[in-house]
Amino acid sequence: MSLPPPDWNRALIRGDNLIEMRKMPDNVVALIATDPPFNSKRDYFVPYRDEHGREPDSLVKAFTDTWSWGEAAEAACAELIRDIGGVVGETIEGLQLFLKRTPMMAYLVMMGVRLVEMHRILKPSGSIYLHCDAAASHYLKLLMDAVFGHANYRNEIIWRKYAGRKNNAKHKFATQTDTILFYVKSKDAVFNPLFEPISDKEIEKKYRYTDDDGRRYRLSWGRHYQMTGEQRRIYLDEQPGAAIGSLWAEDGLQLNTSTKERAGYPTQKPIALYKRIIQASSHEGDLVVDPFCGCGTTLLAAESLNRRWLGIDLTYLATGAVRLQVEKFFPRLKDSIVITGTPEDAATALQLAREDPGGFEEWCVTHVLKFTANAKKVRDGGIDGTYRFPIGKVRGRNAYGKMVAQVKGGNCNLGHIRDFRTAMANAQADLGIFVVTRKPSTGMRAEASRAGLWQHPVWNMECPRLQLYEIQDYFAGTEPKIPIGERRVL
């Protein structure tokens, strides 16, 4: 797999960001704005979760944000001390004396090798904004001082992530903020000062006069008046407003529970927050990279501001979510996104099924079917994904149907189909789709047909309640029968 050249745009890479960044040449990125795991000691079930519930020992396993010392951490630590060395190696040695082989130290060495690569790919005029919280922000700052140099530290931005008060903290003050560490690569880094707009209240209070051209102004009573005996006009349209500081607490920088941009990620951040970062530290046409792109907040912000962008994430869930988010906000770009690291033909899909059954399942659910993945895997009865579709008005109200999916990357038999029928019934699903990699047997097809036909409650149409879908058909151009809306006939 080759990385898009620096002049490419709208690129998504499914893979380990350390490996992918090491393919990039030096000094090509204008801005890195990223929200990596925090070492929060929490399990995020949506969308990142090791399929078998195993505890990860490296960043490339899953976004179960709990870390442990293992072979991957040992190797990263040795690389930082022996191969990279210098201030970075000394800092890691010092941290290890204090932290030992703890989960926090495992997290820091895995972040350390990646920060070294981020520094390398940044242009001399480039900047990095690293989103973190109190669990590890103080250690990450030490690490970034070592990698980027203390002289290139610019700000510790405090972002108020909740607009209202939080009343659920019983043994401490409620946590309402995150930290964003802002570093540059050199003194030549781009920075565009940003200003808060003057409020309507301040305008009404201070800019009370209007000239013959309709321009609002206020009168100056400062030193100029004392020296000349004349009042000076200060025009509203010539005032930039107050400079934005390192406390970002304004309304509008939080992610509203009902906003259109929500994608179901528990760690999702608001687009407005990352638009501010991108406006401050890049120009139109610059390349913005997010090595932990998640559901694509940085990428959406970059697109809206006419920047080029590249996102990297380990999971098919993430790259699928980014694609859907881009299509939702920028429908015209549906066919403009370049995704690498995903199966490109039936042979690579079957290879993925053999080598990584969990990854194959994730790819089928999120990319082929575009269903919502069942990330928790608890008492799911074999359901890997779910899709809700509108069926029109029933008794005067909007009604929705439910379709569920199961993916089998290996051998399957009649018993699997029978079990899936039971899972469909338990989930009260209207429709089901069973994805296979081998041609279903006659018995499997007969068992699927026993599920009967589904009759649309509004329109005069029907379809098999349970369909078997071979992944080879996807690459042959035969789509699964999935209801999109009221106008599509199955």
# chains A, B, ... in the order shown; residues from 1 in each chain; ligands from 1
>>> residues_around(residues="segment 336-341 of chain A", least_positions_apart="4", cutoff="7 Å", atoms="only C-alpha atoms", output="ChimeraX atom specification")
/A:1,10-15
>>> closest_atom_pairs(of="segment 247-325 of chain A", to="segment 18-33 of chain A", cutoff="6 Å", atoms="only C-alpha atoms", output="CSV")
residue,atom,partner,partner_atom,distance
A:Asp286,CA,A:Ala30,CA,5.9
A:Leu287,CA,A:Ala30,CA,5.4
A:Val288,CA,A:Leu31,CA,4.9
A:Val289,CA,A:Ile32,CA,4.9
A:Asp290,CA,A:Ala33,CA,5.6
>>> atom_distance(atom1="atom CA of Trp309 of chain A", atom2="atom CA of Phe371 of chain A")
25.5 Å
>>> residues_around(residues="Arg323 of chain A", least_positions_apart="4", cutoff="12 Å", atoms="only C-alpha atoms", output="compact mmCIF listing (two decimals) with N, CA, C and O atoms, in the first residue's frame")
# COMPACT_ATOMS: atom_id res chain seq x y z
N ARG A 10 -8.23 14.61 0.45
CA ARG A 10 -9.36 13.77 0.84
C ARG A 10 -8.97 12.30 0.86
O ARG A 10 -9.60 11.44 0.25
N ALA A 11 -7.91 12.02 1.60
CA ALA A 11 -7.36 10.66 1.67
C ALA A 11 -7.58 10.07 3.05
O ALA A 11 -7.35 10.73 4.07
N LEU A 12 -8.01 8.81 3.07
CA LEU A 12 -8.18 8.05 4.30
C LEU A 12 -7.32 6.80 4.23
O LEU A 12 -7.33 6.10 3.21
N ILE A 13 -6.61 6.52 5.30
CA ILE A 13 -5.79 5.31 5.35
C ILE A 13 -6.24 4.48 6.53
O ILE A 13 -6.26 4.96 7.67
N ARG A 14 -6.59 3.23 6.26
CA ARG A 14 -6.94 2.30 7.33
C ARG A 14 -5.67 1.53 7.67
O ARG A 14 -5.19 0.71 6.90
N ALA A 263 -21.91 11.50 15.42
CA ALA A 263 -21.73 10.25 14.67
C ALA A 263 -21.76 9.03 15.57
O ALA A 263 -21.47 7.93 15.13
N CYS A 293 -7.79 9.73 13.37
CA CYS A 293 -8.88 10.55 12.85
C CYS A 293 -10.25 10.18 13.38
O CYS A 293 -11.18 10.99 13.27
N GLY A 294 -10.45 8.99 13.96
CA GLY A 294 -11.75 8.66 14.53
C GLY A 294 -12.86 8.86 13.52
O GLY A 294 -12.80 8.38 12.39
N CYS A 295 -13.89 9.62 13.89
CA CYS A 295 -15.02 9.85 12.98
C CYS A 295 -14.80 11.06 12.09
O CYS A 295 -15.70 11.45 11.35
N GLY A 296 -13.61 11.69 12.15
CA GLY A 296 -13.25 12.66 11.13
C GLY A 296 -13.50 14.12 11.43
O GLY A 296 -13.60 14.93 10.50
N THR A 297 -13.57 14.52 12.70
CA THR A 297 -13.84 15.92 13.03
C THR A 297 -12.81 16.85 12.40
O THR A 297 -13.16 17.86 11.79
N LEU A 299 -10.96 16.35 9.82
CA LEU A 299 -11.06 16.29 8.37
C LEU A 299 -12.24 17.10 7.86
O LEU A 299 -12.14 17.80 6.84
N LEU A 300 -13.36 17.03 8.55
CA LEU A 300 -14.53 17.82 8.18
C LEU A 300 -14.24 19.31 8.31
O LEU A 300 -14.62 20.12 7.46
N GLY A 311 -6.41 11.51 6.74
CA GLY A 311 -6.73 10.90 8.02
C GLY A 311 -6.26 9.46 8.08
O GLY A 311 -6.31 8.74 7.07
N TYR A 316 -11.75 -0.18 10.52
CA TYR A 316 -12.66 0.03 9.41
C TYR A 316 -13.87 0.83 9.86
O TYR A 316 -14.47 1.57 9.08
N LEU A 317 -14.24 0.69 11.13
CA LEU A 317 -15.34 1.47 11.68
C LEU A 317 -15.08 2.96 11.52
O LEU A 317 -15.95 3.74 11.14
N ALA A 318 -13.85 3.37 11.83
CA ALA A 318 -13.51 4.79 11.76
C ALA A 318 -13.51 5.30 10.33
O ALA A 318 -14.12 6.33 10.02
N THR A 319 -12.84 4.59 9.43
CA THR A 319 -12.79 5.06 8.05
C THR A 319 -14.18 5.06 7.42
O THR A 319 -14.52 5.96 6.63
N GLU A 327 -19.87 12.45 3.38
CA GLU A 327 -21.01 12.40 2.48
C GLU A 327 -22.20 13.17 3.03
O GLU A 327 -22.97 13.78 2.27
N LYS A 328 -22.36 13.15 4.36
CA LYS A 328 -23.48 13.86 4.97
C LYS A 328 -23.32 15.37 4.86
O LYS A 328 -24.26 16.10 4.55
N PHE A 329 -22.11 15.87 5.12
CA PHE A 329 -21.88 17.32 5.11
C PHE A 329 -21.50 17.85 3.73
O PHE A 329 -21.74 19.01 3.43
N PHE A 330 -20.87 17.00 2.91
CA PHE A 330 -20.42 17.43 1.58
C PHE A 330 -20.82 16.37 0.55
O PHE A 330 -19.97 15.62 0.06
N PRO A 331 -22.12 16.27 0.23
CA PRO A 331 -22.61 15.20 -0.66
C PRO A 331 -21.90 15.17 -2.00
O PRO A 331 -21.71 14.10 -2.58
N LEU A 333 -18.93 15.41 -2.63
CA LEU A 333 -17.61 14.79 -2.54
C LEU A 333 -17.67 13.28 -2.36
O LEU A 333 -16.66 12.65 -2.07
N LYS A 334 -18.86 12.72 -2.55
CA LYS A 334 -19.07 11.30 -2.28
C LYS A 334 -18.04 10.42 -2.97
O LYS A 334 -17.55 9.45 -2.39
N ASP A 335 -17.70 10.76 -4.21
CA ASP A 335 -16.77 9.92 -4.98
C ASP A 335 -15.35 10.47 -4.98
O ASP A 335 -14.50 9.99 -5.75
N SER A 336 -15.08 11.46 -4.13
CA SER A 336 -13.76 12.10 -4.13
C SER A 336 -12.83 11.55 -3.06
O SER A 336 -11.64 11.86 -3.06
N ILE A 337 -13.36 10.76 -2.14
CA ILE A 337 -12.55 10.26 -1.02
C ILE A 337 -11.73 9.05 -1.48
O ILE A 337 -12.28 8.11 -2.07
N VAL A 338 -10.44 9.10 -1.22
CA VAL A 338 -9.55 8.00 -1.56
C VAL A 338 -9.26 7.21 -0.29
O VAL A 338 -8.69 7.74 0.67
N ILE A 339 -9.67 5.94 -0.25
CA ILE A 339 -9.47 5.10 0.92
C ILE A 339 -8.49 3.99 0.58
O ILE A 339 -8.70 3.24 -0.38
N THR A 366 -19.47 -2.09 8.18
CA THR A 366 -19.40 -0.64 8.05
C THR A 366 -19.22 -0.15 6.62
O THR A 366 -19.72 0.91 6.26
N HIS A 367 -18.52 -0.92 5.77
CA HIS A 367 -18.23 -0.46 4.41
C HIS A 367 -19.16 -1.07 3.38
O HIS A 367 -19.64 -0.37 2.49
N LYS A 370 -22.89 -0.76 5.30
CA LYS A 370 -23.08 0.57 5.90
C LYS A 370 -24.08 0.51 7.06
O LYS A 370 -24.92 1.39 7.24
>>> residues_around(residues="segment 408-417 of chain A", least_positions_apart="3", cutoff="7 Å", atoms="only C-alpha atoms", output="number ranges by chain")
A: 353, 357, 360, 420-421, 435-437, 443-444, 447-448
>>> closest_atom_pairs(of="segment 243-280 of chain A", to="segment 131-154 of chain A", cutoff="12 Å", atoms="only C-alpha atoms", output="tab-separated table")
residue	atom	partner	partner_atom	distance
A:Gly245	CA	A:Arg154	CA	11.6
A:Ser246	CA	A:Arg154	CA	9.9
A:Thr267	CA	A:His131	CA	11.0
A:Gln268	CA	A:His131	CA	11.6
A:Lys269	CA	A:His131	CA	9.9
A:Leu273	CA	A:His131	CA	11.0
A:Tyr274	CA	A:His131	CA	10.4
A:Ile277	CA	A:His131	CA	11.2
>>> write_last_selection(atoms="C-alpha atoms", output="JSON list (two decimals), in the first residue's frame")
[["chain", "number", "residue", "atom", "x", "y", "z"],
["A", 245, "GLY", "CA", -6.74, 33.62, 24.36],
["A", 246, "SER", "CA", -5.93, 30.14, 25.66],
["A", 267, "THR", "CA", -15.01, 10.78, 22.29],
["A", 268, "GLN", "CA", -16.24, 12.89, 19.36],
["A", 269, "LYS", "CA", -15.29, 16.57, 19.41],
["A", 273, "LEU", "CA", -13.36, 23.56, 17.90],
["A", 274, "TYR", "CA", -11.10, 22.16, 15.18],
["A", 277, "ILE", "CA", -7.32, 25.37, 15.31]]
>>> residues_around(residues="Phe475 of chain A", least_positions_apart="6", cutoff="12 Å", atoms="only C-alpha atoms", output="VMD selection string")
chain A and resid 343 to 350 368 469
>>> write_last_selection(atoms="all heavy atoms", output="compact mmCIF listing (two decimals), in the first residue's frame")
# COMPACT_ATOMS: atom_id res chain seq x y z
N PRO A 343 -10.03 -3.80 1.57
CA PRO A 343 -10.04 -4.72 0.44
C PRO A 343 -10.45 -4.05 -0.86
O PRO A 343 -11.42 -3.29 -0.89
CB PRO A 343 -11.07 -5.78 0.88
CG PRO A 343 -11.03 -5.75 2.37
CD PRO A 343 -10.81 -4.31 2.71
N GLU A 344 -9.71 -4.34 -1.92
CA GLU A 344 -9.97 -3.72 -3.22
C GLU A 344 -10.56 -4.71 -4.22
O GLU A 344 -11.00 -4.31 -5.29
CB GLU A 344 -8.67 -3.13 -3.77
CG GLU A 344 -8.09 -2.04 -2.87
CD GLU A 344 -6.74 -1.55 -3.35
OE1 GLU A 344 -6.25 -2.10 -4.36
OE2 GLU A 344 -6.19 -0.62 -2.72
N ASP A 345 -10.54 -5.99 -3.89
CA ASP A 345 -11.13 -7.00 -4.76
C ASP A 345 -11.49 -8.21 -3.91
O ASP A 345 -11.21 -8.26 -2.71
CB ASP A 345 -10.19 -7.38 -5.90
CG ASP A 345 -8.79 -7.74 -5.42
OD1 ASP A 345 -8.67 -8.37 -4.34
OD2 ASP A 345 -7.81 -7.40 -6.10
N ALA A 346 -12.12 -9.20 -4.55
CA ALA A 346 -12.57 -10.38 -3.81
C ALA A 346 -11.40 -11.12 -3.17
O ALA A 346 -11.51 -11.63 -2.05
CB ALA A 346 -13.35 -11.31 -4.74
N ALA A 347 -10.26 -11.18 -3.86
CA ALA A 347 -9.11 -11.92 -3.34
C ALA A 347 -8.60 -11.30 -2.04
O ALA A 347 -8.31 -12.01 -1.07
CB ALA A 347 -8.00 -11.97 -4.39
N THR A 348 -8.48 -9.96 -2.01
CA THR A 348 -7.99 -9.31 -0.78
C THR A 348 -9.03 -9.38 0.33
O THR A 348 -8.68 -9.41 1.51
CB THR A 348 -7.59 -7.86 -1.06
OG1 THR A 348 -8.68 -7.17 -1.68
CG2 THR A 348 -6.37 -7.79 -1.96
N ALA A 349 -10.31 -9.39 -0.04
CA ALA A 349 -11.36 -9.54 0.97
C ALA A 349 -11.28 -10.92 1.62
O ALA A 349 -11.39 -11.06 2.85
CB ALA A 349 -12.73 -9.31 0.35
N LEU A 350 -11.09 -11.94 0.82
CA LEU A 350 -10.99 -13.30 1.34
C LEU A 350 -9.71 -13.47 2.16
O LEU A 350 -9.70 -14.18 3.17
CB LEU A 350 -11.02 -14.31 0.20
CG LEU A 350 -12.34 -14.39 -0.59
CD1 LEU A 350 -12.20 -15.34 -1.77
CD2 LEU A 350 -13.48 -14.80 0.32
N VAL A 368 -19.38 -2.38 3.47
CA VAL A 368 -20.21 -3.04 2.46
C VAL A 368 -21.70 -2.77 2.71
O VAL A 368 -22.41 -2.31 1.83
CB VAL A 368 -19.93 -4.55 2.44
CG1 VAL A 368 -20.84 -5.25 1.43
CG2 VAL A 368 -18.47 -4.81 2.09
N TYR A 469 -25.87 -13.36 1.35
CA TYR A 469 -25.11 -12.48 0.46
C TYR A 469 -23.65 -12.90 0.43
O TYR A 469 -22.98 -12.90 1.47
CB TYR A 469 -25.24 -11.03 0.93
CG TYR A 469 -24.59 -10.02 0.02
CD1 TYR A 469 -25.13 -9.73 -1.23
CD2 TYR A 469 -23.45 -9.33 0.42
CE1 TYR A 469 -24.55 -8.79 -2.06
CE2 TYR A 469 -22.85 -8.39 -0.41
CZ TYR A 469 -23.41 -8.12 -1.65
OH TYR A 469 -22.83 -7.19 -2.47
>>> closest_residue(among="A:Thr91, A:Gln239, A:Asn256, A:Ser441", to="Glu470 of chain A", atoms="only C-alpha atoms")
A:Ser441
>>> select_by_dssp(residues="segment 118-344 of chain A", states="strand (DSSP E)", output="MDAnalysis selection string")
chainID A and resid 122:132 153:160 177:184 195:196 209:210 216:220 232:235 242:243 247:248 287:290 308:313 338:340
>>> closest_residue(among="A:Gly452, A:Pro197, A:Gly214, A:Pro457", to="Ile391 of chain A", atoms="only C-alpha atoms")
A:Pro457
>>> residues_around(residues="Leu253 of chain A", least_positions_apart="2", cutoff="12 Å", atoms="only C-alpha atoms", output="short mmCIF file (atom, residue, chain, number, x, y, z; two decimals) with all heavy atoms, in the first residue's frame")
data_model
loop_
_atom_site.label_atom_id
_atom_site.label_comp_id
_atom_site.auth_asym_id
_atom_site.auth_seq_id
_atom_site.Cartn_x
_atom_site.Cartn_y
_atom_site.Cartn_z
N ILE A 158 -7.08 25.51 27.27
CA ILE A 158 -8.09 24.87 28.11
C ILE A 158 -9.44 25.01 27.41
O ILE A 158 -9.92 26.12 27.17
CB ILE A 158 -8.14 25.51 29.51
CG1 ILE A 158 -6.76 25.45 30.18
CG2 ILE A 158 -9.19 24.81 30.37
CD1 ILE A 158 -6.20 24.05 30.34
N TRP A 159 -10.02 23.88 27.10
CA TRP A 159 -11.30 23.86 26.38
C TRP A 159 -12.41 23.38 27.32
O TRP A 159 -12.31 22.32 27.91
CB TRP A 159 -11.22 22.93 25.18
CG TRP A 159 -12.54 22.64 24.54
CD1 TRP A 159 -13.42 23.56 24.03
CD2 TRP A 159 -13.14 21.35 24.33
NE1 TRP A 159 -14.54 22.92 23.53
CE2 TRP A 159 -14.39 21.57 23.69
CE3 TRP A 159 -12.74 20.05 24.61
CZ2 TRP A 159 -15.23 20.52 23.35
CZ3 TRP A 159 -13.58 19.00 24.26
CH2 TRP A 159 -14.81 19.24 23.64
N ARG A 160 -13.45 24.19 27.43
CA ARG A 160 -14.62 23.79 28.22
C ARG A 160 -15.51 22.91 27.35
O ARG A 160 -16.18 23.39 26.44
CB ARG A 160 -15.40 25.02 28.70
CG ARG A 160 -16.55 24.67 29.64
CD ARG A 160 -17.38 25.88 30.01
NE ARG A 160 -18.10 26.39 28.84
CZ ARG A 160 -19.08 27.31 28.90
NH1 ARG A 160 -19.41 27.82 30.06
NH2 ARG A 160 -19.68 27.74 27.80
N LYS A 161 -15.52 21.62 27.66
CA LYS A 161 -16.24 20.69 26.81
C LYS A 161 -17.72 20.57 27.15
O LYS A 161 -18.49 20.03 26.36
CB LYS A 161 -15.58 19.31 26.85
CG LYS A 161 -15.43 18.70 28.23
CD LYS A 161 -14.64 17.40 28.14
CE LYS A 161 -14.38 16.81 29.52
NZ LYS A 161 -13.61 15.56 29.43
N TYR A 162 -18.11 21.04 28.33
CA TYR A 162 -19.52 21.02 28.71
C TYR A 162 -19.98 22.44 28.96
O TYR A 162 -19.37 23.18 29.73
CB TYR A 162 -19.73 20.19 29.98
CG TYR A 162 -19.30 18.75 29.86
CD1 TYR A 162 -18.29 18.24 30.66
CD2 TYR A 162 -19.90 17.91 28.92
CE1 TYR A 162 -17.89 16.91 30.54
CE2 TYR A 162 -19.49 16.59 28.79
CZ TYR A 162 -18.49 16.10 29.61
OH TYR A 162 -18.08 14.81 29.49
N ALA A 163 -21.07 22.82 28.30
CA ALA A 163 -21.57 24.18 28.45
C ALA A 163 -22.25 24.39 29.80
O ALA A 163 -22.18 25.45 30.39
CB ALA A 163 -22.53 24.51 27.32
N THR A 177 -13.33 20.32 31.59
CA THR A 177 -12.40 20.80 30.58
C THR A 177 -11.46 19.69 30.09
O THR A 177 -11.23 18.71 30.78
CB THR A 177 -11.53 21.95 31.13
OG1 THR A 177 -10.73 21.47 32.22
CG2 THR A 177 -12.39 23.10 31.60
N LEU A 247 -8.06 30.24 26.87
CA LEU A 247 -9.23 29.67 27.52
C LEU A 247 -10.38 29.70 26.52
O LEU A 247 -10.87 30.77 26.16
CB LEU A 247 -9.60 30.47 28.78
CG LEU A 247 -10.89 30.03 29.49
CD1 LEU A 247 -10.78 28.59 29.97
CD2 LEU A 247 -11.21 30.96 30.65
N TRP A 248 -10.77 28.52 26.06
CA TRP A 248 -11.81 28.42 25.04
C TRP A 248 -13.09 27.92 25.71
O TRP A 248 -13.31 26.71 25.83
CB TRP A 248 -11.37 27.47 23.94
CG TRP A 248 -10.20 28.00 23.15
CD1 TRP A 248 -9.52 29.17 23.36
CD2 TRP A 248 -9.59 27.38 22.02
NE1 TRP A 248 -8.52 29.31 22.44
CE2 TRP A 248 -8.53 28.23 21.60
CE3 TRP A 248 -9.81 26.20 21.32
CZ2 TRP A 248 -7.72 27.92 20.51
CZ3 TRP A 248 -9.00 25.89 20.23
CH2 TRP A 248 -7.97 26.74 19.84
N ALA A 249 -13.89 28.84 26.14
CA ALA A 249 -15.08 28.49 26.92
C ALA A 249 -16.36 29.05 26.31
O ALA A 249 -17.42 28.96 26.93
CB ALA A 249 -14.93 29.00 28.35
N GLU A 250 -16.29 29.62 25.12
CA GLU A 250 -17.46 30.25 24.54
C GLU A 250 -18.53 29.22 24.18
O GLU A 250 -18.23 28.07 23.87
CB GLU A 250 -17.09 31.03 23.27
CG GLU A 250 -15.98 32.02 23.44
CD GLU A 250 -14.64 31.45 23.02
OE1 GLU A 250 -14.17 30.50 23.69
OE2 GLU A 250 -14.08 31.96 22.03
N ASP A 251 -19.76 29.66 24.20
CA ASP A 251 -20.85 28.81 23.72
C ASP A 251 -20.64 28.56 22.22
O ASP A 251 -20.16 29.42 21.49
CB ASP A 251 -22.20 29.49 23.95
CG ASP A 251 -22.54 29.60 25.42
OD1 ASP A 251 -21.98 28.82 26.21
OD2 ASP A 251 -23.36 30.46 25.78
N LEU A 255 -20.24 20.12 21.80
CA LEU A 255 -20.99 19.23 20.91
C LEU A 255 -22.38 19.02 21.49
O LEU A 255 -22.55 18.30 22.48
CB LEU A 255 -20.26 17.89 20.77
CG LEU A 255 -20.75 16.97 19.65
CD1 LEU A 255 -20.53 17.62 18.30
CD2 LEU A 255 -20.04 15.63 19.71
N ASN A 256 -23.36 19.65 20.87
CA ASN A 256 -24.73 19.54 21.33
C ASN A 256 -25.26 18.13 21.13
O ASN A 256 -24.92 17.46 20.15
CB ASN A 256 -25.60 20.56 20.57
CG ASN A 256 -27.00 20.66 21.13
OD1 ASN A 256 -27.82 19.79 20.93
ND2 ASN A 256 -27.25 21.73 21.85
N LYS A 269 -15.46 15.16 19.09
CA LYS A 269 -15.29 16.57 19.41
C LYS A 269 -16.03 17.42 18.37
O LYS A 269 -16.28 16.98 17.25
CB LYS A 269 -13.80 16.95 19.43
CG LYS A 269 -12.96 16.10 20.38
CD LYS A 269 -13.44 16.19 21.81
CE LYS A 269 -12.55 15.44 22.80
NZ LYS A 269 -12.51 14.00 22.61
N PRO A 270 -16.38 18.66 18.72
CA PRO A 270 -17.14 19.51 17.79
C PRO A 270 -16.29 20.04 16.65
O PRO A 270 -15.11 20.37 16.83
CB PRO A 270 -17.65 20.64 18.69
CG PRO A 270 -16.69 20.69 19.83
CD PRO A 270 -16.22 19.28 20.05
N ILE A 271 -16.90 20.16 15.48
CA ILE A 271 -16.20 20.68 14.31
C ILE A 271 -15.73 22.11 14.55
O ILE A 271 -14.64 22.49 14.13
CB ILE A 271 -17.11 20.59 13.07
CG1 ILE A 271 -17.40 19.12 12.73
CG2 ILE A 271 -16.47 21.29 11.88
CD1 ILE A 271 -18.42 18.93 11.62
N ALA A 272 -16.55 22.92 15.23
CA ALA A 272 -16.19 24.32 15.46
C ALA A 272 -14.87 24.45 16.22
O ALA A 272 -14.10 25.38 15.98
CB ALA A 272 -17.31 25.02 16.24
N LEU A 273 -14.60 23.53 17.12
CA LEU A 273 -13.36 23.56 17.90
C LEU A 273 -12.15 23.39 16.98
O LEU A 273 -11.16 24.12 17.08
CB LEU A 273 -13.38 22.45 18.95
CG LEU A 273 -12.14 22.29 19.82
CD1 LEU A 273 -12.00 23.47 20.76
CD2 LEU A 273 -12.20 20.99 20.61
N TYR A 274 -12.24 22.43 16.06
CA TYR A 274 -11.10 22.16 15.18
C TYR A 274 -11.02 23.15 14.02
O TYR A 274 -9.94 23.37 13.46
CB TYR A 274 -11.14 20.70 14.71
CG TYR A 274 -10.57 19.81 15.79
CD1 TYR A 274 -11.33 19.46 16.90
CD2 TYR A 274 -9.26 19.39 15.75
CE1 TYR A 274 -10.80 18.70 17.93
CE2 TYR A 274 -8.72 18.62 16.77
CZ TYR A 274 -9.49 18.28 17.85
OH TYR A 274 -8.96 17.54 18.89
N LYS A 275 -12.12 23.78 13.67
CA LYS A 275 -12.05 24.87 12.69
C LYS A 275 -11.22 26.02 13.25
O LYS A 275 -10.43 26.64 12.53
CB LYS A 275 -13.45 25.35 12.33
CG LYS A 275 -14.21 24.41 11.41
CD LYS A 275 -15.59 24.92 11.08
CE LYS A 275 -15.56 26.13 10.18
NZ LYS A 275 -16.90 26.53 9.73
N ARG A 276 -11.37 26.30 14.52
CA ARG A 276 -10.56 27.37 15.14
C ARG A 276 -9.07 27.04 15.06
O ARG A 276 -8.24 27.89 14.74
CB ARG A 276 -10.99 27.57 16.59
CG ARG A 276 -10.12 28.56 17.35
CD ARG A 276 -10.66 28.86 18.74
NE ARG A 276 -11.89 29.64 18.67
CZ ARG A 276 -12.50 30.15 19.74
NH1 ARG A 276 -12.00 29.95 20.95
NH2 ARG A 276 -13.61 30.86 19.61
N ILE A 277 -8.72 25.79 15.37
CA ILE A 277 -7.32 25.37 15.31
C ILE A 277 -6.77 25.51 13.89
O ILE A 277 -5.68 26.04 13.68
CB ILE A 277 -7.20 23.90 15.79
CG1 ILE A 277 -7.46 23.82 17.30
CG2 ILE A 277 -5.84 23.31 15.44
CD1 ILE A 277 -7.60 22.40 17.82
#
>>> select_by_dssp(residues="segment 178-424 of chain A", states="alpha helix (DSSP H)", output="JSON, numbers by chain")
{"A": [200, 201, 202, 203, 204, 205, 206, 223, 224, 225, 226, 227, 228, 271, 272, 273, 274, 275, 276, 277, 278, 279, 280, 281, 297, 298, 299, 300, 301, 302, 303, 304, 316, 317, 318, 319, 320, 321, 322, 323, 324, 325, 326, 327, 328, 329, 346, 347, 348, 349, 350, 351, 352, 353, 354, 355, 357, 358, 359, 360, 361, 362, 363, 414, 415, 416, 417, 418, 419, 420, 421, 422, 423, 424]}
>>> atom_distance(atom1="atom CA of Phe434 of chain A", atom2="atom CA of Gln406 of chain A")
5.0 Å
>>> closest_residue(among="A:Leu305, A:Ala373, A:Met105, A:Val184", to="Met118 of chain A", atoms="only C-alpha atoms")
A:Val184
